[in-house]
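Reproduced below: final.cif, with mmCIF, C-alpha atoms.
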```cif
data_start
#
loop_
_atom_site.label_atom_id
_atom_site.label_comp_id
_atom_site.auth_asym_id
_atom_site.auth_seq_id
_atom_site.Cartn_x
_atom_site.Cartn_y
_atom_site.Cartn_z
CA MET U 1 27.97 -7.18 52.32
CA LEU U 2 25.61 -8.73 54.80
CA ALA U 3 22.72 -7.89 52.51
CA THR U 4 24.38 -9.44 49.45
CA ARG U 5 25.15 -12.62 51.42
CA ALA U 6 21.65 -12.85 52.76
CA LEU U 7 20.02 -12.37 49.36
CA SER U 8 22.59 -14.32 47.32
CA HIS U 9 20.08 -17.11 46.80
CA ILE U 10 18.10 -14.84 44.47
CA GLY U 11 21.19 -13.88 42.54
CA LYS U 12 24.17 -11.77 43.28
CA ARG U 13 23.09 -9.16 40.71
CA ALA U 14 20.05 -8.27 42.80
CA ILE U 15 22.12 -5.86 44.90
CA SER U 16 23.96 -2.97 43.22
CA THR U 17 27.61 -2.31 43.81
CA SER U 18 26.87 0.99 45.57
CA VAL U 19 25.91 -1.07 48.63
CA CYS U 20 29.48 -2.33 48.75
CA VAL U 21 30.79 1.23 48.46
CA ARG U 22 28.73 2.33 51.44
CA GLY U 23 30.18 -0.61 53.31
CA GLY U 24 33.53 1.17 53.00
CA HIS U 25 35.42 -1.63 51.25
CA GLY U 26 36.37 0.57 48.21
CA VAL U 27 35.49 -0.11 44.57
CA ALA U 28 37.62 0.67 41.52
CA LYS U 29 35.07 2.87 39.79
CA VAL U 30 32.12 4.78 41.27
CA GLU U 31 29.45 6.38 39.10
CA ASP U 32 27.65 9.10 41.01
CA TYR U 33 24.82 10.05 38.69
CA THR U 34 23.96 13.20 40.63
CA LEU U 35 27.18 14.92 39.47
CA PRO U 36 27.33 16.57 36.03
CA PRO U 37 28.97 14.23 33.50
CA TYR U 38 31.34 14.91 30.67
CA PHE U 39 29.96 14.33 27.13
CA ASP U 40 30.90 15.05 23.51
CA ARG U 41 27.87 16.41 21.61
CA ARG U 42 27.85 18.61 18.56
CA GLU U 43 24.77 20.55 19.64
CA VAL U 44 25.99 21.18 23.22
CA PRO U 45 29.60 22.17 22.63
CA LEU U 46 30.61 23.08 26.21
CA PRO U 47 29.96 20.39 28.84
CA ASP U 48 29.69 21.35 32.49
CA VAL U 49 32.94 19.64 33.51
CA ALA U 50 36.38 19.29 31.98
CA TYR U 51 37.42 15.90 30.68
CA VAL U 52 40.50 15.45 32.84
CA GLN U 53 39.71 16.04 36.50
CA GLN U 54 42.92 14.88 38.15
CA LEU U 55 45.78 16.86 36.57
CA THR U 56 49.33 15.56 36.44
CA PRO U 57 52.06 17.97 37.65
CA GLU U 58 52.95 18.87 34.02
CA GLN U 59 49.30 19.62 33.32
CA LYS U 60 49.06 21.73 36.47
CA SER U 61 52.05 23.82 35.44
CA LEU U 62 50.52 24.16 31.94
CA LYS U 63 47.33 25.46 33.50
CA GLU U 64 49.36 28.07 35.41
CA LYS U 65 51.04 29.10 32.13
CA GLU U 66 47.57 29.43 30.57
CA LYS U 67 46.79 32.27 33.00
CA GLY U 68 49.39 34.38 31.21
CA SER U 69 49.45 35.54 27.60
CA TRP U 70 48.19 32.90 25.20
CA ALA U 71 50.55 34.11 22.46
CA ALA U 72 53.33 32.59 24.57
CA LEU U 73 51.85 29.08 24.27
CA SER U 74 53.20 26.79 21.61
CA ASN U 75 50.87 24.77 19.36
CA GLU U 76 51.52 21.53 21.26
CA GLU U 77 50.73 23.29 24.56
CA LYS U 78 47.46 24.63 23.14
CA LEU U 79 46.56 21.15 21.96
CA ALA U 80 47.43 19.71 25.37
CA LEU U 81 45.18 22.29 27.04
CA TYR U 82 42.39 21.37 24.62
CA ARG U 83 42.74 17.69 25.42
CA ILE U 84 42.56 18.48 29.16
CA SER U 85 39.17 20.16 28.70
CA PHE U 86 37.77 17.94 25.92
CA LYS U 87 37.97 14.28 24.96
CA ASP U 88 37.18 14.35 21.20
CA SER U 89 37.60 17.16 18.73
CA PHE U 90 34.55 18.06 16.64
CA ALA U 91 35.97 16.17 13.70
CA GLU U 92 36.45 13.07 15.84
CA MET U 93 33.04 13.17 17.48
CA ASN U 94 31.21 13.78 14.20
CA GLN U 95 32.84 11.03 12.18
CA GLY U 96 30.67 8.17 11.06
CA THR U 97 30.99 4.70 12.48
CA GLY U 98 30.68 2.58 9.37
CA GLU U 99 27.80 0.78 11.08
CA TRP U 100 25.72 1.17 7.96
CA LYS U 101 27.91 -1.34 6.16
CA SER U 102 27.01 -4.03 8.70
CA VAL U 103 23.34 -3.12 8.44
CA VAL U 104 23.27 -3.27 4.64
CA GLY U 105 25.27 -6.47 4.69
CA GLY U 106 22.86 -8.02 7.16
CA ILE U 107 19.87 -6.97 5.05
CA MET U 108 21.34 -8.49 1.90
CA PHE U 109 22.26 -11.66 3.74
CA PHE U 110 18.74 -12.19 5.02
CA MET U 111 17.24 -11.35 1.66
CA GLY U 112 19.46 -13.96 0.09
CA PHE U 113 18.50 -16.46 2.73
CA THR U 114 14.84 -15.75 2.08
CA GLY U 115 15.46 -16.36 -1.61
CA LEU U 116 16.92 -19.75 -0.80
CA VAL U 117 13.88 -20.58 1.31
CA VAL U 118 11.57 -19.57 -1.55
CA LEU U 119 13.47 -21.72 -4.04
CA TRP U 120 13.32 -24.69 -1.72
CA GLN U 121 9.59 -24.19 -1.23
CA ARG U 122 8.96 -24.05 -4.97
CA LYS U 123 10.79 -27.31 -5.46
CA TYR U 124 9.66 -29.36 -2.48
CA VAL U 125 6.39 -27.89 -1.19
CA TYR U 126 4.22 -26.48 -3.97
CA GLY U 127 2.34 -28.60 -6.48
CA PRO U 128 2.12 -27.88 -10.21
CA VAL U 129 0.42 -24.69 -11.46
CA PRO U 130 -2.96 -25.04 -13.28
CA HIS U 131 -2.96 -25.94 -16.98
CA THR U 132 -4.00 -22.38 -17.79
CA PHE U 133 -0.37 -21.35 -17.33
CA ASP U 134 0.81 -23.43 -20.31
CA LYS U 135 2.36 -21.38 -23.07
CA LEU U 136 -0.20 -22.39 -25.68
CA TYR U 137 -3.07 -21.66 -23.31
CA LYS U 138 -1.64 -18.23 -22.52
CA GLU U 139 -1.44 -17.46 -26.23
CA GLN U 140 -5.07 -18.51 -26.68
CA GLU U 141 -6.02 -16.32 -23.69
CA LEU U 142 -4.19 -13.36 -25.17
CA GLN U 143 -5.89 -13.81 -28.53
CA ARG U 144 -9.27 -14.05 -26.81
CA MET U 145 -8.60 -10.88 -24.80
CA LEU U 146 -7.80 -9.03 -28.02
CA ASP U 147 -10.84 -10.46 -29.78
CA MET U 148 -13.06 -9.37 -26.89
CA ARG U 149 -11.51 -5.88 -26.98
CA ILE U 150 -10.57 -6.02 -23.29
CA ASN U 151 -9.63 -2.50 -22.06
CA PRO U 152 -9.79 -0.96 -25.55
CA ILE U 153 -9.46 2.69 -24.58
CA GLU U 154 -6.10 3.07 -22.87
CA GLY U 155 -5.33 -0.37 -21.55
CA PHE U 156 -4.73 -3.70 -23.15
CA SER U 157 -6.42 -3.80 -26.56
CA ALA U 158 -5.62 -0.14 -27.12
CA LYS U 159 -2.00 -1.14 -27.57
CA TRP U 160 -2.72 -3.70 -30.31
CA ASP U 161 -2.69 -2.67 -33.96
CA TYR U 162 -5.65 -4.60 -35.39
CA GLU U 163 -4.86 -3.62 -38.99
CA ASN U 164 -1.33 -4.96 -39.02
CA LYS U 165 -1.88 -7.66 -36.38
CA GLN U 166 0.99 -6.58 -34.15
CA TRP U 167 1.58 -4.54 -31.05
CA LYS U 168 1.61 -0.81 -31.68
CA LYS U 169 5.07 0.68 -31.80
CA MET B 1 -10.82 -7.80 -16.82
CA ALA B 2 -7.31 -6.90 -15.75
CA HIS B 3 -4.41 -7.83 -17.99
CA PRO B 4 -1.37 -9.55 -16.47
CA SER B 5 0.67 -7.44 -14.06
CA GLN B 6 -1.80 -4.58 -14.38
CA LEU B 7 -1.41 -1.99 -11.63
CA GLY B 8 -4.03 0.66 -12.41
CA PHE B 9 -7.76 0.61 -12.95
CA GLN B 10 -9.43 -1.21 -15.83
CA ASP B 11 -10.76 0.97 -18.65
CA ALA B 12 -14.11 2.48 -17.74
CA ALA B 13 -17.22 0.98 -19.29
CA SER B 14 -19.64 3.44 -17.70
CA PRO B 15 -19.65 7.23 -17.30
CA VAL B 16 -19.46 7.02 -13.51
CA MET B 17 -16.32 4.91 -13.69
CA GLU B 18 -14.76 7.49 -16.02
CA GLU B 19 -15.45 10.16 -13.40
CA LEU B 20 -13.92 7.96 -10.73
CA LEU B 21 -10.80 7.41 -12.87
CA HIS B 22 -10.25 11.13 -13.31
CA PHE B 23 -10.91 11.82 -9.63
CA HIS B 24 -8.41 9.14 -8.72
CA ASP B 25 -5.80 10.68 -11.02
CA HIS B 26 -6.37 14.09 -9.41
CA THR B 27 -6.22 12.81 -5.83
CA LEU B 28 -3.28 10.49 -6.42
CA MET B 29 -1.29 13.37 -7.88
CA ILE B 30 -1.94 15.38 -4.71
CA VAL B 31 -0.92 12.39 -2.62
CA PHE B 32 2.32 11.98 -4.60
CA LEU B 33 3.13 15.67 -4.14
CA ILE B 34 2.57 15.49 -0.39
CA SER B 35 4.56 12.27 -0.06
CA THR B 36 7.47 13.72 -2.01
CA LEU B 37 7.46 16.78 0.20
CA VAL B 38 7.40 14.68 3.37
CA LEU B 39 10.16 12.42 2.10
CA TYR B 40 12.28 15.45 1.28
CA ILE B 41 11.70 16.88 4.76
CA ILE B 42 12.64 13.57 6.38
CA VAL B 43 15.87 13.36 4.41
CA ALA B 44 16.66 16.99 5.23
CA MET B 45 16.04 16.39 8.95
CA VAL B 46 18.25 13.33 9.04
CA THR B 47 21.19 14.87 7.15
CA THR B 48 21.21 18.40 8.57
CA LYS B 49 24.21 19.85 10.35
CA LEU B 50 22.12 22.49 12.17
CA THR B 51 21.97 22.12 15.95
CA ASN B 52 19.78 24.90 17.36
CA LYS B 53 17.43 23.14 19.76
CA PHE B 54 15.85 26.23 21.28
CA ILE B 55 13.75 27.73 18.52
CA LEU B 56 10.44 29.04 19.82
CA ASP B 57 7.44 30.62 18.12
CA SER B 58 6.92 30.42 14.39
CA GLN B 59 3.58 32.02 13.63
CA GLU B 60 4.04 32.47 9.88
CA ILE B 61 4.86 28.88 9.05
CA GLU B 62 2.18 27.61 11.42
CA ILE B 63 -0.40 29.65 9.53
CA ILE B 64 0.85 28.31 6.21
CA TRP B 65 0.86 24.69 7.24
CA THR B 66 -2.63 24.98 8.62
CA LEU B 67 -4.24 26.81 5.72
CA LEU B 68 -2.52 24.96 2.91
CA PRO B 69 -3.67 21.46 3.97
CA ALA B 70 -7.18 22.81 4.52
CA MET B 71 -7.21 24.12 0.95
CA ILE B 72 -5.86 20.85 -0.38
CA LEU B 73 -8.58 18.94 1.44
CA ILE B 74 -11.23 21.20 -0.05
CA LEU B 75 -9.71 20.57 -3.48
CA ILE B 76 -10.17 16.86 -2.87
CA ALA B 77 -13.57 17.03 -1.21
CA LEU B 78 -15.34 19.07 -3.87
CA PRO B 79 -14.81 16.64 -6.78
CA SER B 80 -15.49 13.75 -4.44
CA LEU B 81 -18.87 15.09 -3.35
CA ARG B 82 -19.69 15.93 -6.93
CA ILE B 83 -19.29 12.32 -7.96
CA LEU B 84 -21.16 11.13 -4.89
CA TYR B 85 -24.22 13.19 -5.80
CA LEU B 86 -23.85 12.27 -9.45
CA MET B 87 -24.12 8.62 -8.54
CA ASP B 88 -27.24 9.38 -6.53
CA GLU B 89 -29.11 11.05 -9.37
CA ILE B 90 -32.65 9.96 -10.16
CA ASN B 91 -32.36 7.85 -13.27
CA ASP B 92 -35.04 6.14 -15.28
CA PRO B 93 -33.94 2.56 -15.72
CA HIS B 94 -34.99 0.64 -18.80
CA LEU B 95 -34.45 -2.64 -17.04
CA THR B 96 -34.39 -3.90 -13.48
CA ILE B 97 -32.40 -7.00 -12.64
CA LYS B 98 -32.19 -8.75 -9.32
CA ALA B 99 -28.78 -10.18 -8.47
CA MET B 100 -29.01 -12.65 -5.60
CA GLY B 101 -25.91 -13.97 -3.90
CA HIS B 102 -25.83 -17.58 -2.79
CA GLN B 103 -23.16 -19.86 -1.47
CA TRP B 104 -21.47 -20.01 -3.95
CA TYR B 105 -23.02 -18.60 -7.11
CA TRP B 106 -25.04 -15.64 -8.28
CA SER B 107 -28.57 -15.83 -9.62
CA TYR B 108 -30.15 -13.18 -11.85
CA GLU B 109 -33.86 -12.47 -12.21
CA TYR B 110 -35.28 -10.42 -15.07
CA THR B 111 -38.89 -10.01 -13.99
CA ASP B 112 -39.93 -6.77 -15.73
CA TYR B 113 -41.80 -8.49 -18.54
CA GLU B 114 -41.55 -12.24 -18.19
CA ASP B 115 -40.25 -14.43 -15.38
CA LEU B 116 -36.67 -15.03 -16.40
CA GLY B 117 -34.28 -16.36 -13.79
CA PHE B 118 -31.08 -18.35 -13.97
CA ASP B 119 -28.02 -19.25 -11.92
CA SER B 120 -24.50 -18.21 -12.77
CA TYR B 121 -21.86 -20.68 -11.61
CA MET B 122 -18.12 -20.34 -12.13
CA VAL B 123 -16.69 -22.60 -14.85
CA PRO B 124 -14.30 -24.99 -13.05
CA THR B 125 -10.68 -24.86 -14.18
CA GLN B 126 -10.69 -28.32 -15.70
CA ASP B 127 -13.81 -27.51 -17.76
CA LEU B 128 -12.46 -24.33 -19.35
CA ASN B 129 -12.54 -24.00 -23.13
CA PRO B 130 -9.20 -22.97 -24.67
CA GLY B 131 -8.54 -19.31 -23.96
CA GLN B 132 -11.20 -18.85 -21.29
CA PHE B 133 -10.13 -17.01 -18.17
CA ARG B 134 -9.50 -19.14 -15.08
CA LEU B 135 -11.71 -18.27 -12.04
CA LEU B 136 -13.53 -15.56 -14.02
CA GLU B 137 -15.80 -17.31 -16.51
CA THR B 138 -19.36 -18.31 -15.68
CA ASP B 139 -21.77 -20.66 -17.39
CA HIS B 140 -24.42 -17.93 -17.77
CA ARG B 141 -23.64 -14.25 -18.12
CA MET B 142 -25.81 -11.33 -17.04
CA VAL B 143 -26.66 -9.93 -20.47
CA ILE B 144 -27.85 -6.34 -20.70
CA PRO B 145 -28.58 -3.91 -23.54
CA VAL B 146 -25.77 -1.42 -24.11
CA ASP B 147 -26.34 2.32 -23.62
CA SER B 148 -29.43 1.71 -21.47
CA PRO B 149 -29.76 2.65 -17.82
CA ILE B 150 -29.96 -0.54 -15.79
CA ARG B 151 -31.08 -0.87 -12.21
CA VAL B 152 -29.63 -3.78 -10.23
CA LEU B 153 -31.19 -4.84 -6.95
CA VAL B 154 -28.61 -6.79 -4.99
CA SER B 155 -29.48 -9.15 -2.18
CA ALA B 156 -28.41 -12.47 -0.75
CA ASP B 157 -30.03 -15.74 0.10
CA ASP B 158 -27.82 -16.89 2.93
CA VAL B 159 -24.73 -14.93 4.02
CA LEU B 160 -23.17 -11.63 3.05
CA HIS B 161 -21.83 -11.36 -0.49
CA SER B 162 -20.91 -8.34 -2.59
CA TRP B 163 -21.68 -7.76 -6.27
CA ALA B 164 -18.73 -5.98 -7.81
CA VAL B 165 -17.78 -5.13 -11.40
CA PRO B 166 -14.71 -2.86 -11.41
CA SER B 167 -14.91 -1.62 -15.00
CA LEU B 168 -18.45 -0.36 -14.33
CA GLY B 169 -17.38 1.19 -11.03
CA ILE B 170 -19.89 -0.87 -9.08
CA LYS B 171 -19.67 -2.63 -5.77
CA MET B 172 -22.81 -3.29 -3.77
CA ASP B 173 -23.06 -5.51 -0.73
CA ALA B 174 -25.53 -8.36 -0.90
CA VAL B 175 -27.16 -8.48 2.52
CA PRO B 176 -29.72 -11.18 3.36
CA GLY B 177 -33.11 -9.63 3.93
CA ARG B 178 -32.11 -6.33 2.34
CA LEU B 179 -32.44 -4.88 -1.15
CA ASN B 180 -29.55 -2.67 -2.18
CA GLN B 181 -30.04 -0.69 -5.35
CA THR B 182 -27.37 0.39 -7.79
CA ALA B 183 -27.65 1.67 -11.32
CA PHE B 184 -25.36 2.03 -14.29
CA ILE B 185 -25.16 2.63 -18.04
CA THR B 186 -22.63 0.81 -20.17
CA SER B 187 -21.12 3.25 -22.65
CA ARG B 188 -19.60 0.54 -24.85
CA PRO B 189 -20.46 -3.09 -25.67
CA GLY B 190 -18.25 -5.75 -24.18
CA VAL B 191 -17.80 -8.34 -21.48
CA PHE B 192 -17.04 -7.07 -17.98
CA TYR B 193 -15.79 -9.31 -15.21
CA GLY B 194 -16.03 -9.01 -11.46
CA GLN B 195 -15.69 -11.17 -8.38
CA CYS B 196 -17.59 -11.60 -5.12
CA SER B 197 -16.26 -8.97 -2.74
CA GLU B 198 -17.44 -10.05 0.69
CA ILE B 199 -16.09 -13.13 2.40
CA CYS B 200 -18.80 -15.75 2.29
CA GLY B 201 -17.22 -19.10 2.98
CA ALA B 202 -15.02 -21.68 1.36
CA ASN B 203 -15.70 -20.75 -2.27
CA HIS B 204 -15.84 -16.99 -1.87
CA SER B 205 -13.07 -16.65 -4.46
CA PHE B 206 -14.95 -18.87 -6.90
CA MET B 207 -18.22 -17.07 -7.59
CA PRO B 208 -17.44 -14.49 -10.25
CA ILE B 209 -19.74 -12.06 -12.02
CA VAL B 210 -19.82 -11.57 -15.78
CA VAL B 211 -21.83 -8.76 -17.36
CA GLU B 212 -22.24 -8.79 -21.14
CA ALA B 213 -23.41 -5.58 -22.80
CA VAL B 214 -24.89 -6.15 -26.26
CA PRO B 215 -27.07 -4.18 -28.70
CA LEU B 216 -30.77 -4.28 -27.89
CA GLU B 217 -31.74 -6.78 -30.63
CA HIS B 218 -29.15 -9.23 -29.38
CA PHE B 219 -30.43 -8.77 -25.85
CA GLU B 220 -33.97 -9.50 -26.99
CA ASN B 221 -32.85 -12.63 -28.83
CA TRP B 222 -30.90 -13.79 -25.81
CA SER B 223 -33.77 -13.31 -23.39
CA SER B 224 -36.15 -15.18 -25.70
CA LEU B 225 -33.70 -18.07 -25.91
CA MET B 226 -33.22 -18.12 -22.14
CA LEU B 227 -36.96 -18.16 -21.58
CA GLU B 228 -37.35 -21.11 -23.93
CA ASP B 229 -34.64 -23.03 -22.16
CA ALA B 230 -36.18 -22.51 -18.75
#
```

Show the structure stored in the file as structure tokens.
Amino acid sequence: MLATRALSHIGKRAISTSVCVRGGHGVAKVEDYTLPPYFDRREVPLPDVAYVQQLTPEQKSLKEKEKGSWAALSNEEKLALYRISFKDSFAEMNQGTGEWKSVVGGIMFFMGFTGLVVLWQRKYVYGPVPHTFDKLYKEQELQRMLDMRINPIEGFSAKWDYENKQWKK
Amino acid sequence: MAHPSQLGFQDAASPVMEELLHFHDHTLMIVFLISTLVLYIIVAMVTTKLTNKFILDSQEIEIIWTLLPAMILILIALPSLRILYLMDEINDPHLTIKAMGHQWYWSYEYTDYEDLGFDSYMVPTQDLNPGQFRLLETDHRMVIPVDSPIRVLVSADDVLHSWAVPSLGIKMDAVPGRLNQTAFITSRPGVFYGQCSEICGANHSFMPIVVEAVPLEHFENWSSLMLEDA
């Protein structure tokens, strides 16, 4: 506490809460990272600790009953024992989150926004294209490319039927 | 020249370019196969339900995925080296032309017999005749006889340029103070376009190259006319 007060001018977050714990004032939740944790992972099915550490009296009596024959346990009791040792079932831990829908939605949103930006640019920023993009000019270019036999083997002029003056079918 | 929205190479106008086209087809097919395999493996890794993290030792597959890529690389290297040495063959040119890069035009010198030299400037967009290609046409073309081996000596007068004609499979840097030699044969008559391929200043995009391959008589007429004009 003294340390947090002394250093409060650089921000209260500079000192971790474990200092307060050592001061003996008690904190609601303590994370001691040296102890083995509980986790739900498909590839490591048996964690080092059970999920529920502090058992209620009913759970304690159930644990005593577990020491006997398991055929005597009802289905609900077996499920209760499972939930003492584990938090999620395999089905629960493996289920998807649906996060992909947000991701795809975000992607499409930004792509649409980019499209709006492009449209705005075309209208307000760019000047006119050169006259060589006019329809008539493009037709003259095309005719000249065919007359010059541009790419006559497999490319451009190869696809033109010179006899019948049309594109090859 | 390329047609609109063209993705692949232009049709070859010289035997070397044909070889390069076929080599590219061969290598690209290998690349597609490898990429498909890798993509499949990635998808399999991401969607697998298997969870064994403690697999050790896999001698057989290690041998396979060492030898197989080595063989694939040899399959690529052998055709590649073949073309490299093919391009380096001693040829006997019928004509030697000097292509000099300037800022921002090319000049061609035909000095085997007479002293013929001329500049080749891009035709500005507003001066184009109907149907001419924007940023590709020049006022004077480099005319050569078809089916004849030509030697081109490429150099530059000021800064780096690069003399490139894709349909002939040629690109040769124009370095000031240096003569770079390249050679080609055009297998068909036609007009072949290229553009300067080394950044050389403000108008680097506006100094194209046009090679016109014509029958020998036409070439002789053209060179006589050019000599008269000079």

Return the neighbours of chain U among the residues of chain B, cut-off 8 Å, counting only C-alpha atoms, as a VMD selection string. chain B and resid 1 3 10 to 12 51 to 53 125 130 to 134 190 to 191

Tell me, in Å to one decimal, how far atom CA of U:Lys135 is from atom CA of U:Tyr162. 22.3 Å

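Using only C-alpha atoms, the residues found no farther than 12 Å from B:Phe23, other than those of its own chain fewer than 5 positions away, are Val16, Met17, Glu18, Leu28, Met29, Ile30, Leu75, Ile76, Ala77, Leu78, Pro79, Ser80, Leu81, Arg82, Ile83 and Leu84 of chain B.
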
To one decimal place in Å, what is the distance between atom CA of B:Val143 and atom CA of B:Val214?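 Atom-to-atom, atom CA of B:Val143 and atom CA of B:Val214 are spaced 7.1 Å apart.
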
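Between atom CA of B:Phe206 and atom CA of B:Pro166 lies a distance of 16.6 Å.
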
Counting all atoms listed in the file, which residues have an atom no more than 9 Å from (-29.4, 2.3, -8.0) in the file's coordinates? Please list them as a list in words.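 The residues near that point, listed by chain and number, are Met87, Asp88, Glu89, Ile90, Asn91, Pro93, Ile150, Arg151, Val152, Leu153, Asn180, Gln181, Thr182, Ala183 and Phe184 of chain B.
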
Surrounding residues of B:Cys200 excluding itself and chain neighbours under 6 positions, 9 Å, only C-alpha atoms, as number ranges by chain: B: 102-104, 159-161

For the provided coordinates, the residues matched by the PyMOL selection byres ((chain B and resi 211) around 6) should be stated as a PDB file with C-alpha atoms, in the frame of the given file.
```pdb
ATOM      1  CA  ARG B 141     -23.640 -14.250 -18.120  1.00  0.00           C
ATOM      2  CA  MET B 142     -25.810 -11.330 -17.040  1.00  0.00           C
ATOM      3  CA  VAL B 143     -26.660  -9.930 -20.470  1.00  0.00           C
ATOM      4  CA  VAL B 191     -17.800  -8.340 -21.480  1.00  0.00           C
ATOM      5  CA  PHE B 192     -17.040  -7.070 -17.980  1.00  0.00           C
ATOM      6  CA  VAL B 210     -19.820 -11.570 -15.780  1.00  0.00           C
ATOM      7  CA  GLU B 212     -22.240  -8.790 -21.140  1.00  0.00           C
TER       8      GLU B 212
END
```

Convert the output of the PyMOL selection byres ((chain B and resi 177) around 12) on the shown file into explicit residues, formatted as a list in words.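 Output from the PyMOL selection byres ((chain B and resi 177) around 12), applied to this file: Met100, Gly101, Val154, Ser155, Ala156, Asp157, Asp158, Val159, Leu160, Asp173, Ala174, Val175, Pro176, Arg178, Leu179 and Asn180 of chain B.
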
Residues within 10 Å of B:Pro124, all atoms listed in the file, excluding chain neighbours under 5 positions, as a PyMOL selection string: chain B and resi 134-139+206

Atoms are missing here; could stretch 123-129 of chain B be completed with all heavy atoms and written as a JSON list (two decimals), keeping the file's coordinate frame?
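So the final result, stored in rebuild_2.json, reads:
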```json
[["chain", "number", "residue", "atom", "x", "y", "z"],
["B", 123, "VAL", "N", -17.14, -21.44, -14.08],
["B", 123, "VAL", "CA", -16.69, -22.60, -14.85],
["B", 123, "VAL", "C", -15.45, -23.17, -14.16],
["B", 123, "VAL", "O", -14.46, -22.47, -14.01],
["B", 123, "VAL", "CB", -16.36, -22.19, -16.30],
["B", 123, "VAL", "CG1", -15.80, -23.37, -17.06],
["B", 123, "VAL", "CG2", -17.57, -21.62, -16.98],
["B", 124, "PRO", "N", -15.48, -24.44, -13.72],
["B", 124, "PRO", "CA", -14.30, -24.99, -13.05],
["B", 124, "PRO", "C", -13.10, -25.02, -13.98],
["B", 124, "PRO", "O", -13.25, -25.10, -15.21],
["B", 124, "PRO", "CB", -14.73, -26.41, -12.66],
["B", 124, "PRO", "CG", -16.20, -26.45, -12.82],
["B", 124, "PRO", "CD", -16.57, -25.42, -13.82],
["B", 125, "THR", "N", -11.91, -24.97, -13.38],
["B", 125, "THR", "CA", -10.68, -24.86, -14.18],
["B", 125, "THR", "C", -10.53, -25.99, -15.19],
["B", 125, "THR", "O", -10.13, -25.78, -16.34],
["B", 125, "THR", "CB", -9.45, -24.80, -13.26],
["B", 125, "THR", "OG1", -9.63, -23.72, -12.34],
["B", 125, "THR", "CG2", -8.18, -24.59, -14.04],
["B", 126, "GLN", "N", -10.91, -27.22, -14.77],
["B", 126, "GLN", "CA", -10.69, -28.32, -15.70],
["B", 126, "GLN", "C", -11.69, -28.31, -16.84],
["B", 126, "GLN", "O", -11.50, -28.97, -17.85],
["B", 126, "GLN", "CB", -10.75, -29.68, -14.97],
["B", 126, "GLN", "CG", -12.07, -29.99, -14.32],
["B", 126, "GLN", "CD", -12.04, -29.73, -12.82],
["B", 126, "GLN", "OE1", -11.34, -28.85, -12.35],
["B", 126, "GLN", "NE2", -12.82, -30.50, -12.08],
["B", 127, "ASP", "N", -12.79, -27.54, -16.72],
["B", 127, "ASP", "CA", -13.81, -27.51, -17.76],
["B", 127, "ASP", "C", -13.68, -26.31, -18.69],
["B", 127, "ASP", "O", -14.56, -26.06, -19.51],
["B", 127, "ASP", "CB", -15.21, -27.46, -17.12],
["B", 127, "ASP", "CG", -15.50, -28.71, -16.31],
["B", 127, "ASP", "OD1", -14.78, -29.71, -16.53],
["B", 127, "ASP", "OD2", -16.42, -28.68, -15.49],
["B", 128, "LEU", "N", -12.59, -25.54, -18.55],
["B", 128, "LEU", "CA", -12.46, -24.33, -19.35],
["B", 128, "LEU", "C", -12.24, -24.69, -20.82],
["B", 128, "LEU", "O", -11.50, -25.62, -21.14],
["B", 128, "LEU", "CB", -11.27, -23.50, -18.88],
["B", 128, "LEU", "CG", -11.44, -22.75, -17.55],
["B", 128, "LEU", "CD1", -10.09, -22.19, -17.12],
["B", 128, "LEU", "CD2", -12.44, -21.62, -17.70],
["B", 129, "ASN", "N", -12.87, -23.91, -21.71],
["B", 129, "ASN", "CA", -12.54, -24.00, -23.13],
["B", 129, "ASN", "C", -11.22, -23.27, -23.37],
["B", 129, "ASN", "O", -10.84, -22.41, -22.60],
["B", 129, "ASN", "CB", -13.64, -23.36, -23.97],
["B", 129, "ASN", "CG", -14.92, -24.16, -23.92],
["B", 129, "ASN", "OD1", -14.87, -25.38, -23.79],
["B", 129, "ASN", "ND2", -16.05, -23.48, -23.99]]
```
